[in-house]
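Below is the file my_file.pdb, which contains PDB, C-alpha atoms and all ligand atoms.
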ATOM      1  CA  MET A 174     120.056  91.793  89.210
ATOM      2  CA  THR A 175     119.697  91.309  92.952
ATOM      3  CA  VAL A 176     116.401  92.504  94.382
ATOM      4  CA  THR A 177     117.224  94.334  97.602
ATOM      5  CA  LEU A 178     115.130  96.693  99.675
ATOM      6  CA  GLU A 179     117.407  99.583  98.778
ATOM      7  CA  VAL A 180     117.027  98.898  95.040
ATOM      8  CA  VAL A 181     113.260  98.407  95.200
ATOM      9  CA  ARG A 182     112.649 101.531  97.299
ATOM     10  CA  ALA A 183     114.434 103.620  94.690
ATOM     11  CA  LEU A 184     112.250 102.299  91.854
ATOM     12  CA  PRO A 185     108.818 103.843  91.111
ATOM     13  CA  LYS A 186     105.890 101.754  92.283
ATOM     14  CA  ILE A 187     102.107 101.834  91.970
ATOM     15  CA  GLU A 188     100.061 100.580  94.906
ATOM     16  CA  LEU A 189      96.433  99.652  94.227
ATOM     17  CA  HIS A 190      95.601  97.879  97.482
ATOM     18  CA  ARG A 191      96.352 100.081 100.487
ATOM     19  CA  HIS A 192      93.905 100.944 103.281
ATOM     20  CA  LEU A 193      94.261 104.456 104.669
ATOM     21  CA  GLU A 194      93.258 103.251 108.137
ATOM     22  CA  GLY A 195      95.991 100.605 107.945
ATOM     23  CA  THR A 196      98.683 103.211 107.256
ATOM     24  CA  VAL A 197      98.469 105.110 110.558
ATOM     25  CA  ARG A 198     101.858 105.424 112.275
ATOM     26  CA  PRO A 199     101.935 104.029 115.855
ATOM     27  CA  GLY A 200     103.132 107.410 117.145
ATOM     28  CA  THR A 201     100.152 109.079 115.504
ATOM     29  CA  VAL A 202      97.737 106.583 117.073
ATOM     30  CA  HIS A 203      99.252 107.480 120.439
ATOM     31  CA  ALA A 204      99.091 111.242 119.871
ATOM     32  CA  LEU A 205      95.479 111.125 118.663
ATOM     33  CA  ALA A 206      94.446 108.799 121.508
ATOM     34  CA  VAL A 207      95.869 111.239 124.072
ATOM     35  CA  ALA A 208      94.266 114.230 122.350
ATOM     36  CA  ASN A 209      90.858 112.541 122.075
ATOM     37  CA  GLY A 210      90.837 110.789 125.463
ATOM     38  CA  ILE A 211      90.884 107.254 124.025
ATOM     39  CA  ASP A 212      92.317 104.417 126.109
ATOM     40  CA  LEU A 213      94.840 102.265 124.266
ATOM     41  CA  PRO A 214      95.338  98.558 125.086
ATOM     42  CA  VAL A 215      99.142  98.905 125.271
ATOM     43  CA  ASP A 216     101.544 101.267 127.037
ATOM     44  CA  ASP A 217     104.472 100.615 124.707
ATOM     45  CA  MET A 218     103.443 101.750 121.197
ATOM     46  CA  ARG A 219     106.091  99.468 119.697
ATOM     47  CA  THR A 220     103.824  96.544 120.616
ATOM     48  CA  LEU A 221     100.559  98.035 119.300
ATOM     49  CA  TYR A 222     100.880  96.396 115.893
ATOM     50  CA  THR A 223     101.583  92.837 117.058
ATOM     51  CA  TYR A 224      98.764  90.323 116.904
ATOM     52  CA  ARG A 225      97.800  87.067 118.551
ATOM     53  CA  ASP A 226      95.306  86.148 115.830
ATOM     54  CA  LEU A 227      92.840  87.526 113.270
ATOM     55  CA  ARG A 228      90.332  88.598 115.928
ATOM     56  CA  HIS A 229      93.068  90.520 117.717
ATOM     57  CA  PHE A 230      94.097  92.234 114.444
ATOM     58  CA  LEU A 231      90.505  93.401 113.919
ATOM     59  CA  ASP A 232      90.365  94.674 117.522
ATOM     60  CA  VAL A 233      93.513  96.728 116.990
ATOM     61  CA  TYR A 234      92.121  98.047 113.686
ATOM     62  CA  GLU A 235      89.031  99.255 115.561
ATOM     63  CA  THR A 236      91.208 100.821 118.230
ATOM     64  CA  VAL A 237      93.168 102.763 115.594
ATOM     65  CA  CYS A 238      89.936 103.994 114.012
ATOM     66  CA  SER A 239      88.530 105.005 117.399
ATOM     67  CA  THR A 240      91.260 107.649 117.726
ATOM     68  CA  LEU A 241      90.026 109.457 114.583
ATOM     69  CA  VAL A 242      87.419 112.058 115.445
ATOM     70  CA  SER A 243      87.899 115.513 113.919
ATOM     71  CA  PRO A 244      88.649 116.574 110.328
ATOM     72  CA  ALA A 245      92.155 117.469 111.582
ATOM     73  CA  ASP A 246      92.685 113.840 112.668
ATOM     74  CA  PHE A 247      91.765 112.565 109.207
ATOM     75  CA  HIS A 248      93.919 115.284 107.647
ATOM     76  CA  ARG A 249      96.893 114.084 109.663
ATOM     77  CA  ILE A 250      96.620 110.403 108.748
ATOM     78  CA  ALA A 251      96.026 111.146 105.049
ATOM     79  CA  TYR A 252      98.924 113.611 104.932
ATOM     80  CA  GLU A 253     101.295 111.189 106.681
ATOM     81  CA  SER A 254     100.111 108.293 104.512
ATOM     82  CA  VAL A 255     101.026 110.236 101.364
ATOM     83  CA  HIS A 256     104.471 111.032 102.782
ATOM     84  CA  ASP A 257     105.046 107.409 103.822
ATOM     85  CA  ALA A 258     103.986 106.227 100.371
ATOM     86  CA  ALA A 259     106.368 108.656  98.690
ATOM     87  CA  ALA A 260     109.202 107.644 101.049
ATOM     88  CA  THR A 261     109.006 104.035  99.849
ATOM     89  CA  GLY A 262     108.912 105.015  96.186
ATOM     90  CA  ILE A 263     105.194 104.938  95.451
ATOM     91  CA  VAL A 264     104.434 107.325  92.588
ATOM     92  CA  HIS A 265     100.709 106.566  92.365
ATOM     93  CA  THR A 266      98.322 104.876  94.773
ATOM     94  CA  GLU A 267      94.608 104.126  94.803
ATOM     95  CA  MET A 268      93.771 103.913  98.474
ATOM     96  CA  PHE A 269      90.741 102.528 100.310
ATOM     97  CA  PHE A 270      88.882 104.202 103.126
ATOM     98  CA  THR A 271      86.099 102.480 105.069
ATOM     99  CA  PRO A 272      83.179 104.791 105.989
ATOM    100  CA  HIS A 273      81.454 102.358 108.350
ATOM    101  CA  VAL A 274      84.240 102.300 110.945
ATOM    102  CA  HIS A 275      83.868 106.074 111.302
ATOM    103  CA  LEU A 276      80.153 106.718 110.700
ATOM    104  CA  SER A 277      79.211 104.018 113.234
ATOM    105  CA  ARG A 278      80.987 106.073 115.936
ATOM    106  CA  GLY A 279      78.963 109.157 115.053
ATOM    107  CA  VAL A 280      81.659 110.900 113.005
ATOM    108  CA  PRO A 281      79.943 112.894 110.227
ATOM    109  CA  ALA A 282      80.787 111.830 106.658
ATOM    110  CA  ALA A 283      81.870 115.395 105.863
ATOM    111  CA  HIS A 284      84.462 115.324 108.680
ATOM    112  CA  VAL A 285      85.894 112.105 107.273
ATOM    113  CA  TRP A 286      85.964 113.269 103.665
ATOM    114  CA  ASP A 287      87.008 116.880 104.185
ATOM    115  CA  GLY A 288      89.851 115.816 106.465
ATOM    116  CA  ILE A 289      91.088 113.062 104.172
ATOM    117  CA  THR A 290      90.985 115.165 101.002
ATOM    118  CA  ALA A 291      92.669 118.178 102.637
ATOM    119  CA  GLY A 292      95.421 115.900 103.970
ATOM    120  CA  LEU A 293      95.868 114.308 100.556
ATOM    121  CA  ARG A 294      96.100 117.723  98.881
ATOM    122  CA  ASP A 295      98.799 118.901 101.289
ATOM    123  CA  GLY A 296     100.742 115.635 101.038
ATOM    124  CA  ILE A 297     100.530 115.603  97.249
ATOM    125  CA  ALA A 298     101.673 119.241  97.033
ATOM    126  CA  GLU A 299     104.837 118.329  98.933
ATOM    127  CA  THR A 300     105.606 114.919  97.371
ATOM    128  CA  GLY A 301     104.188 115.118  93.852
ATOM    129  CA  ILE A 302     102.791 111.570  93.967
ATOM    130  CA  GLY A 303      99.383 110.646  92.553
ATOM    131  CA  VAL A 304      96.536 109.541  94.846
ATOM    132  CA  ARG A 305      92.969 108.431  94.213
ATOM    133  CA  MET A 306      90.486 107.032  96.732
ATOM    134  CA  ILE A 307      88.133 104.042  96.757
ATOM    135  CA  MET A 308      85.179 103.867  99.129
ATOM    136  CA  ASP A 309      84.997 100.426 100.732
ATOM    137  CA  CYS A 310      81.573  99.359 101.909
ATOM    138  CA  THR A 311      81.506  96.767 104.673
ATOM    139  CA  LYS A 312      80.239  93.660 102.899
ATOM    140  CA  PHE A 313      78.625  91.758 105.719
ATOM    141  CA  LEU A 314      76.504  94.744 106.796
ATOM    142  CA  GLY A 315      74.507  94.482 103.576
ATOM    143  CA  PRO A 316      73.257  96.674 100.731
ATOM    144  CA  ALA A 317      71.136  99.209 102.645
ATOM    145  CA  LEU A 318      74.123 100.627 104.524
ATOM    146  CA  ALA A 319      76.302 100.451 101.399
ATOM    147  CA  GLN A 320      73.723 102.525  99.500
ATOM    148  CA  ILE A 321      73.671 105.141 102.283
ATOM    149  CA  GLU A 322      77.470 105.362 102.195
ATOM    150  CA  LEU A 323      77.443 105.661  98.406
ATOM    151  CA  ASP A 324      74.877 108.479  98.591
ATOM    152  CA  LEU A 325      76.836 110.293 101.305
ATOM    153  CA  PHE A 326      80.255 110.168  99.699
ATOM    154  CA  THR A 327      79.146 110.864  96.124
ATOM    155  CA  SER A 328      77.288 113.975  97.309
ATOM    156  CA  LEU A 329      80.253 115.575  99.112
ATOM    157  CA  PRO A 330      82.442 118.115  97.273
ATOM    158  CA  ASP A 331      85.351 116.498  95.418
ATOM    159  CA  PRO A 332      86.907 119.175  93.192
ATOM    160  CA  ASP A 333      90.155 117.190  92.879
ATOM    161  CA  GLY A 334      88.346 114.073  91.663
ATOM    162  CA  PHE A 335      89.857 111.890  94.382
ATOM    163  CA  LEU A 336      86.951 109.428  94.598
ATOM    164  CA  VAL A 337      87.236 107.022  91.666
ATOM    165  CA  GLY A 338      85.913 103.704  92.898
ATOM    166  CA  ILE A 339      83.782 101.531  95.142
ATOM    167  CA  GLY A 340      84.975  98.387  96.878
ATOM    168  CA  GLY A 341      83.830  95.893  99.474
ATOM    169  CA  ASP A 342      85.791  94.841 102.516
ATOM    170  CA  GLY A 343      85.300  92.849 105.718
ATOM    171  CA  ILE A 344      84.650  89.246 106.609
ATOM    172  CA  GLU A 345      84.188  87.123 103.483
ATOM    173  CA  ALA A 346      82.753  83.846 104.781
ATOM    174  CA  GLY A 347      78.968  83.640 104.686
ATOM    175  CA  VAL A 348      78.463  86.982 102.922
ATOM    176  CA  ASP A 349      75.788  87.312 100.205
ATOM    177  CA  ASP A 350      77.910  89.215  97.681
ATOM    178  CA  ALA A 351      75.102  89.265  95.096
ATOM    179  CA  ALA A 352      72.957  91.384  97.426
ATOM    180  CA  LEU A 353      75.319  94.306  96.747
ATOM    181  CA  ALA A 354      74.718  94.168  92.968
ATOM    182  CA  PRO A 355      72.221  97.071  92.837
ATOM    183  CA  VAL A 356      74.575  99.307  94.861
ATOM    184  CA  PHE A 357      77.543  98.483  92.655
ATOM    185  CA  ALA A 358      75.459  99.068  89.518
ATOM    186  CA  GLU A 359      74.381 102.455  90.864
ATOM    187  CA  ALA A 360      77.997 103.312  91.728
ATOM    188  CA  ALA A 361      78.970 102.533  88.128
ATOM    189  CA  ARG A 362      76.153 104.803  86.861
ATOM    190  CA  ARG A 363      77.685 107.566  89.005
ATOM    191  CA  GLY A 364      81.035 107.050  87.316
ATOM    192  CA  LEU A 365      82.809 104.925  89.934
ATOM    193  CA  ARG A 366      84.993 101.950  88.999
ATOM    194  CA  ARG A 367      84.400  98.673  90.821
ATOM    195  CA  THR A 368      86.617  96.344  92.856
ATOM    196  CA  TYR A 369      85.974  93.860  95.660
ATOM    197  CA  HIS A 370      87.843  91.964  98.360
ATOM    198  CA  ALA A 371      87.335  88.299  97.474
ATOM    199  CA  GLY A 372      88.948  84.920  97.009
ATOM    200  CA  GLU A 373      90.546  84.543 100.446
ATOM    201  CA  PHE A 374      87.882  82.125 101.691
ATOM    202  CA  SER A 375      86.731  80.541  98.431
ATOM    203  CA  ALA A 376      86.801  81.067  94.670
ATOM    204  CA  ARG A 377      83.035  81.650  94.670
ATOM    205  CA  SER A 378      83.314  85.233  95.884
ATOM    206  CA  VAL A 379      85.641  85.994  92.964
ATOM    207  CA  ALA A 380      82.973  84.685  90.596
ATOM    208  CA  ASP A 381      80.377  86.931  92.253
ATOM    209  CA  ALA A 382      82.716  89.945  92.121
ATOM    210  CA  ILE A 383      83.308  89.735  88.378
ATOM    211  CA  ARG A 384      80.042  88.177  87.124
ATOM    212  CA  VAL A 385      77.481  89.740  89.477
ATOM    213  CA  LEU A 386      79.055  92.956  90.774
ATOM    214  CA  GLY A 387      80.772  93.840  87.472
ATOM    215  CA  CYS A 388      84.199  94.382  89.038
ATOM    216  CA  GLU A 389      87.275  95.119  86.944
ATOM    217  CA  ARG A 390      89.580  94.385  89.843
ATOM    218  CA  VAL A 391      89.578  91.801  92.653
ATOM    219  CA  ASP A 392      91.399  92.606  95.885
ATOM    220  CA  HIS A 393      93.392  89.568  97.058
ATOM    221  CA  GLY A 394      91.724  86.681  95.157
ATOM    222  CA  PRO A 395      94.449  84.028  95.573
ATOM    223  CA  LEU A 396      91.947  81.147  95.709
ATOM    224  CA  VAL A 397      90.716  81.870  92.161
ATOM    225  CA  VAL A 398      93.172  79.183  90.996
ATOM    226  CA  GLU A 399      91.014  76.552  92.706
ATOM    227  CA  ASP A 400      88.474  77.058  89.913
ATOM    228  CA  PRO A 401      90.434  76.768  86.640
ATOM    229  CA  ALA A 402      87.424  77.725  84.485
ATOM    230  CA  LEU A 403      86.902  80.874  86.528
ATOM    231  CA  ALA A 404      90.616  81.703  86.393
ATOM    232  CA  ALA A 405      90.528  81.328  82.601
ATOM    233  CA  GLU A 406      87.480  83.594  82.418
ATOM    234  CA  ALA A 407      89.167  86.211  84.638
ATOM    235  CA  ALA A 408      92.275  86.087  82.453
ATOM    236  CA  ASP A 409      90.172  86.486  79.284
ATOM    237  CA  ARG A 410      88.357  89.461  80.744
ATOM    238  CA  GLY A 411      91.572  91.124  81.897
ATOM    239  CA  ILE A 412      90.508  91.190  85.525
ATOM    240  CA  VAL A 413      93.238  92.642  87.748
ATOM    241  CA  PHE A 414      94.092  90.940  91.054
ATOM    242  CA  THR A 415      95.568  93.247  93.699
ATOM    243  CA  LEU A 416      97.486  90.634  95.679
ATOM    244  CA  CYS A 417      98.838  91.124  99.196
ATOM    245  CA  PRO A 418     100.799  87.906  99.826
ATOM    246  CA  SER A 419     101.990  88.695 103.368
ATOM    247  CA  SER A 420      98.521  89.841 104.404
ATOM    248  CA  ASP A 421      97.080  86.568 103.071
ATOM    249  CA  VAL A 422      99.393  84.786 105.500
ATOM    250  CA  LEU A 423      99.434  87.160 108.493
ATOM    251  CA  ILE A 424      95.824  88.363 108.583
ATOM    252  CA  SER A 425      93.518  86.001 106.720
ATOM    253  CA  GLN A 426      95.829  83.003 107.093
ATOM    254  CA  VAL A 427      94.998  81.558 103.657
ATOM    255  CA  TYR A 428      98.477  79.998 103.562
ATOM    256  CA  PRO A 429     100.874  78.934 106.330
ATOM    257  CA  SER A 430     103.679  80.934 104.701
ATOM    258  CA  VAL A 431     104.239  83.237 101.721
ATOM    259  CA  ARG A 432     106.139  80.420 100.014
ATOM    260  CA  GLU A 433     102.824  78.548  99.505
ATOM    261  CA  HIS A 434     101.006  81.552  97.983
ATOM    262  CA  SER A 435      99.221  80.954  94.670
ATOM    263  CA  LEU A 436     100.910  83.912  92.929
ATOM    264  CA  PRO A 437     103.018  81.658  90.623
ATOM    265  CA  ARG A 438      99.936  79.645  89.658
ATOM    266  CA  MET A 439      98.041  82.850  88.965
ATOM    267  CA  LEU A 440     100.793  83.961  86.579
ATOM    268  CA  GLU A 441     100.736  80.538  84.902
ATOM    269  CA  ALA A 442      96.971  80.956  84.428
ATOM    270  CA  GLY A 443      97.649  84.213  82.567
ATOM    271  CA  LEU A 444      96.099  86.436  85.233
ATOM    272  CA  HIS A 445      96.983  90.113  85.592
ATOM    273  CA  VAL A 446      98.355  90.470  89.117
ATOM    274  CA  THR A 447      99.769  93.358  91.108
ATOM    275  CA  VAL A 448     101.657  93.150  94.424
ATOM    276  CA  ASN A 449     100.619  95.389  97.322
ATOM    277  CA  SER A 450     100.924  95.827 101.090
ATOM    278  CA  ASP A 451      97.242  96.033 102.234
ATOM    279  CA  ASP A 452      97.924  97.682 105.644
ATOM    280  CA  PRO A 453     101.570  98.784 105.622
ATOM    281  CA  ALA A 454     101.749 100.330 109.113
ATOM    282  CA  MET A 455      99.628  97.697 110.800
ATOM    283  CA  LEU A 456     101.588  94.855 109.186
ATOM    284  CA  GLY A 457     104.938  96.604 109.557
ATOM    285  CA  ARG A 458     105.621  95.932 105.871
ATOM    286  CA  ASP A 459     105.182  98.293 102.953
ATOM    287  CA  ILE A 460     105.093  97.633  99.229
ATOM    288  CA  SER A 461     108.893  97.647  98.945
ATOM    289  CA  ASP A 462     109.130  94.935 101.621
ATOM    290  CA  GLU A 463     106.465  92.987  99.764
ATOM    291  CA  TYR A 464     108.277  93.246  96.401
ATOM    292  CA  VAL A 465     111.460  91.896  98.019
ATOM    293  CA  THR A 466     109.554  89.122  99.804
ATOM    294  CA  VAL A 467     107.875  87.713  96.685
ATOM    295  CA  VAL A 468     111.297  87.344  95.059
ATOM    296  CA  GLU A 469     113.116  86.048  98.154
ATOM    297  CA  GLN A 470     110.375  83.499  98.821
ATOM    298  CA  GLY A 471     110.634  82.207  95.261
ATOM    299  CA  LEU A 472     107.194  83.310  94.027
ATOM    300  CA  VAL A 473     108.550  85.386  91.115
ATOM    301  CA  THR A 474     111.846  86.169  89.380
ATOM    302  CA  ALA A 475     113.266  89.687  89.195
ATOM    303  CA  GLU A 476     112.053  89.905  85.597
ATOM    304  CA  GLN A 477     108.540  88.853  86.592
ATOM    305  CA  LEU A 478     108.580  91.441  89.387
ATOM    306  CA  ARG A 479     109.553  94.099  86.838
ATOM    307  CA  ASP A 480     106.617  93.106  84.617
ATOM    308  CA  ILE A 481     104.232  93.125  87.595
ATOM    309  CA  ALA A 482     105.431  96.580  88.672
ATOM    310  CA  VAL A 483     105.078  98.073  85.188
ATOM    311  CA  GLY A 484     101.786  96.264  84.563
ATOM    312  CA  ALA A 485     100.237  98.050  87.535
ATOM    313  CA  ALA A 486     100.136 101.160  85.344
ATOM    314  CA  ASP A 487      97.664  99.373  83.044
ATOM    315  CA  ALA A 488      95.593  98.358  86.076
ATOM    316  CA  CYS A 489      95.197 101.812  87.601
ATOM    317  CA  TRP A 490      92.134 104.001  87.231
ATOM    318  CA  LEU A 491      93.706 107.186  85.899
ATOM    319  CA  PRO A 492      92.517 108.775  82.646
ATOM    320  CA  ASP A 493      94.080 107.153  79.548
ATOM    321  CA  ALA A 494      96.618 109.898  78.861
ATOM    322  CA  ASP A 495      97.858 109.822  82.464
ATOM    323  CA  LYS A 496      98.054 106.024  82.371
ATOM    324  CA  THR A 497     100.169 106.141  79.220
ATOM    325  CA  ALA A 498     102.535 108.669  80.792
ATOM    326  CA  LEU A 499     102.777 106.611  83.979
ATOM    327  CA  ARG A 500     103.462 103.441  82.012
ATOM    328  CA  GLY A 501     106.275 105.182  80.146
ATOM    329  CA  ARG A 502     107.845 106.341  83.393
ATOM    330  CA  MET A 503     107.561 102.869  84.958
ATOM    331  CA  THR A 504     108.944 101.112  81.870
ATOM    332  CA  ALA A 505     111.949 103.420  81.667
ATOM    333  CA  ALA A 506     112.884 103.024  85.332
ATOM    334  CA  TRP A 507     112.296  99.278  85.618
ATOM    335  CA  SER A 508     113.981  98.480  82.285
ATOM    336  CA  ALA A 509     117.116 100.097  83.640
ATOM    337  CA  PHE A 510     116.837  97.761  86.637
ATOM    338  CA  CYS A 511     116.591  94.478  84.706
TER     339      CYS A 511
HETATM  340 ZN    ZN B   1      92.478  94.952 101.828
END
If you took the structure in this file and wrote it as structure tokens, what would it be?
Amino acid sequence: MTVTLEVVRALPKIELHRHLEGTVRPGTVHALAVANGIDLPVDDMRTLYTYRDLRHFLDVYETVCSTLVSPADFHRIAYESVHDAAATGIVHTEMFFTPHVHLSRGVPAAHVWDGITAGLRDGIAETGIGVRMIMDCTKFLGPALAQIELDLFTSLPDPDGFLVGIGGDGIEAGVDDAALAPVFAEAARRGLRRTYHAGEFSARSVADAIRVLGCERVDHGPLVVEDPALAAEAADRGIVFTLCPSSDVLISQVYPSVREHSLPRMLEAGLHVTVNSDDPAMLGRDISDEYVTVVEQGLVTAEQLRDIAVGAADACWLPDADKTALRGRMTAAWSAFC
């Protein structure tokens, strides 16, 4: 079976590595910037999401976040993100949000959370897809801030049960991952699942994520294959890797091209991998594009892509009965494909 964008978009998909702030449509950035009096670095919004280098990408990310002020702004981006996910065939997503980029500008946590959850509710009511949220602490800012963010966002009302996990994002090099252990342990005591961005700079951070922070999932993690003993341990423990091959090339520049990505070696090592977009609007590529790319670039066969897509149901953080139902739906649709 030929893997085309049209075919992949029509198939149900689960996305476990998707940053809300990276899903904001360029037109929305423009509208919010005008409404909130924020200067944008470009006049032509078609060029907003083009980058000279990693530093430039991070600057643009900050610019996007700077346009988000009121609960209505967060409502809008969450609502549109749900619609964009549904439009590309996502049936369930577990999406990150990063408190620091908002709290540091003086936006109250309640504005962030109330806006996001109201937008999710409205988007879900219209599309029927499933959404859960993961709070990403900013790793390099250390445990004290992460604890404050955990306290803030676990004390806000969440009648829909959107918040299911804690993660860690931001620059990887030189970060003391182990310092976050008490915060992650406390998050687990409060019922949150654990994941962590790691393995784009070295395999060591993957070791810290699973051995010290107690994570069940690792976001990215392609360099785990550089430590075969660690890869074997991760496979044994059923650790899930939420890979974003294009992001590893375009943002963190782990590889010169997707063709060199370690995804095939991760499969050979018996690791449980999923394929995701990371920042679909900011990268101009969503999960359907990514599914097509990993096949076109020779990383996986169509059959392996099918198994990865269905296997994401086992990796998600829904209650067991919902996971079983989702797996059945995924298996039925993807088995008809190949
Ligand atoms: Zn990410």
Original post:
Written as a list in words, what is the full residue list that the PyMOL selection byres (((chain A and resi 356) around 8) and not hetatm) yields on the file shown?
Top reply: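 Against this file, the PyMOL selection byres (((chain A and resi 356) around 8) and not hetatm) returns the residues Pro316, Ala319, Gln320, Leu323, Leu353, Ala354, Pro355, Phe357, Ala358, Glu359 and Ala360 of chain A.
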When the PyMOL selection byres (((chain A and resi 245) around 12) and not hetatm) is applied to the file above, which residues end up in the set, as a tab-separated table (two decimals) with C-alpha atoms, keeping the file's coordinate frame?
chain	number	residue	atom	x	y	z
A	205	LEU	CA	95.48	111.12	118.66
A	208	ALA	CA	94.27	114.23	122.35
A	209	ASN	CA	90.86	112.54	122.08
A	240	THR	CA	91.26	107.65	117.73
A	241	LEU	CA	90.03	109.46	114.58
A	242	VAL	CA	87.42	112.06	115.44
A	243	SER	CA	87.90	115.51	113.92
A	244	PRO	CA	88.65	116.57	110.33
A	246	ASP	CA	92.68	113.84	112.67
A	247	PHE	CA	91.76	112.56	109.21
A	248	HIS	CA	93.92	115.28	107.65
A	249	ARG	CA	96.89	114.08	109.66
A	250	ILE	CA	96.62	110.40	108.75
A	251	ALA	CA	96.03	111.15	105.05
A	252	TYR	CA	98.92	113.61	104.93
A	283	ALA	CA	81.87	115.40	105.86
A	284	HIS	CA	84.46	115.32	108.68
A	285	VAL	CA	85.89	112.10	107.27
A	286	TRP	CA	85.96	113.27	103.66
A	287	ASP	CA	87.01	116.88	104.18
A	288	GLY	CA	89.85	115.82	106.46
A	289	ILE	CA	91.09	113.06	104.17
A	290	THR	CA	90.98	115.16	101.00
A	291	ALA	CA	92.67	118.18	102.64
A	292	GLY	CA	95.42	115.90	103.97
**OP:** Write as a ChimeraX atom specification the residues around ligand ZN 1 (chain B), taking 12 Å as the cut-off and counting all atoms listed in the file.
**Re:** /A:188-196,267-271,307-311,340-345,368-373,391-394,414-421,424-425,448-453,455-456
Using the selection just defined, write its residues with C-alpha atoms as a PDB file, in the frame of the given file.
ATOM      1  CA  GLU A 188     100.061 100.580  94.906  1.00  0.00           C
ATOM      2  CA  LEU A 189      96.433  99.652  94.227  1.00  0.00           C
ATOM      3  CA  HIS A 190      95.601  97.879  97.482  1.00  0.00           C
ATOM      4  CA  ARG A 191      96.352 100.081 100.487  1.00  0.00           C
ATOM      5  CA  HIS A 192      93.905 100.944 103.281  1.00  0.00           C
ATOM      6  CA  LEU A 193      94.261 104.456 104.669  1.00  0.00           C
ATOM      7  CA  GLU A 194      93.258 103.251 108.137  1.00  0.00           C
ATOM      8  CA  GLY A 195      95.991 100.605 107.945  1.00  0.00           C
ATOM      9  CA  THR A 196      98.683 103.211 107.256  1.00  0.00           C
ATOM     10  CA  GLU A 267      94.608 104.126  94.803  1.00  0.00           C
ATOM     11  CA  MET A 268      93.771 103.913  98.474  1.00  0.00           C
ATOM     12  CA  PHE A 269      90.741 102.528 100.310  1.00  0.00           C
ATOM     13  CA  PHE A 270      88.882 104.202 103.126  1.00  0.00           C
ATOM     14  CA  THR A 271      86.099 102.480 105.069  1.00  0.00           C
ATOM     15  CA  ILE A 307      88.133 104.042  96.757  1.00  0.00           C
ATOM     16  CA  MET A 308      85.179 103.867  99.129  1.00  0.00           C
ATOM     17  CA  ASP A 309      84.997 100.426 100.732  1.00  0.00           C
ATOM     18  CA  CYS A 310      81.573  99.359 101.909  1.00  0.00           C
ATOM     19  CA  THR A 311      81.506  96.767 104.673  1.00  0.00           C
ATOM     20  CA  GLY A 340      84.975  98.387  96.878  1.00  0.00           C
ATOM     21  CA  GLY A 341      83.830  95.893  99.474  1.00  0.00           C
ATOM     22  CA  ASP A 342      85.791  94.841 102.516  1.00  0.00           C
ATOM     23  CA  GLY A 343      85.300  92.849 105.718  1.00  0.00           C
ATOM     24  CA  ILE A 344      84.650  89.246 106.609  1.00  0.00           C
ATOM     25  CA  GLU A 345      84.188  87.123 103.483  1.00  0.00           C
ATOM     26  CA  THR A 368      86.617  96.344  92.856  1.00  0.00           C
ATOM     27  CA  TYR A 369      85.974  93.860  95.660  1.00  0.00           C
ATOM     28  CA  HIS A 370      87.843  91.964  98.360  1.00  0.00           C
ATOM     29  CA  ALA A 371      87.335  88.299  97.474  1.00  0.00           C
ATOM     30  CA  GLY A 372      88.948  84.920  97.009  1.00  0.00           C
ATOM     31  CA  GLU A 373      90.546  84.543 100.446  1.00  0.00           C
ATOM     32  CA  VAL A 391      89.578  91.801  92.653  1.00  0.00           C
ATOM     33  CA  ASP A 392      91.399  92.606  95.885  1.00  0.00           C
ATOM     34  CA  HIS A 393      93.392  89.568  97.058  1.00  0.00           C
ATOM     35  CA  GLY A 394      91.724  86.681  95.157  1.00  0.00           C
ATOM     36  CA  PHE A 414      94.092  90.940  91.054  1.00  0.00           C
ATOM     37  CA  THR A 415      95.568  93.247  93.699  1.00  0.00           C
ATOM     38  CA  LEU A 416      97.486  90.634  95.679  1.00  0.00           C
ATOM     39  CA  CYS A 417      98.838  91.124  99.196  1.00  0.00           C
ATOM     40  CA  PRO A 418     100.799  87.906  99.826  1.00  0.00           C
ATOM     41  CA  SER A 419     101.990  88.695 103.368  1.00  0.00           C
ATOM     42  CA  SER A 420      98.521  89.841 104.404  1.00  0.00           C
ATOM     43  CA  ASP A 421      97.080  86.568 103.071  1.00  0.00           C
ATOM     44  CA  ILE A 424      95.824  88.363 108.583  1.00  0.00           C
ATOM     45  CA  SER A 425      93.518  86.001 106.720  1.00  0.00           C
ATOM     46  CA  VAL A 448     101.657  93.150  94.424  1.00  0.00           C
ATOM     47  CA  ASN A 449     100.619  95.389  97.322  1.00  0.00           C
ATOM     48  CA  SER A 450     100.924  95.827 101.090  1.00  0.00           C
ATOM     49  CA  ASP A 451      97.242  96.033 102.234  1.00  0.00           C
ATOM     50  CA  ASP A 452      97.924  97.682 105.644  1.00  0.00           C
ATOM     51  CA  PRO A 453     101.570  98.784 105.622  1.00  0.00           C
ATOM     52  CA  MET A 455      99.628  97.697 110.800  1.00  0.00           C
ATOM     53  CA  LEU A 456     101.588  94.855 109.186  1.00  0.00           C
TER      54      LEU A 456
END
Subject >> Best match for closeness to Gln426 (chain A) among A:Leu184, A:Thr223, A:Phe374, A:Leu293, counting all atoms listed in the file >> reply: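 With all atoms listed in the file as the atom set, the closest residue is A:Phe374.
Rounded to one decimal, CA of Glu476 (chain A) and CA of Val427 (chain A) lie 26.2 Å from each other.
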**OP:** Apply the PyMOL selection byres (((chain A and resi 480-486) around 10) and not hetatm) to the displayed file and report the matching residues as a ChimeraX atom specification.
**Re:** /A:184-189,265,413,415,440,445-449,464,473-479,487-491,495-508
**OP:** Please tell me which residues are no farther than 12 Å from (105.5, 115.3, 98.0) in the file, counting all atoms listed in the file, and write them as a list in words.
**Re:**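 Every residue inside that radius is included here: Tyr252, Glu253, Ser254, Val255, His256, Asp257, Ala258, Ala259, Ala260, Thr261, Gly262, Ile263, Val264, His265, Gly292, Leu293, Arg294, Asp295, Gly296, Ile297, Ala298, Glu299, Thr300, Gly301, Ile302, Gly303 and Val304 of chain A.
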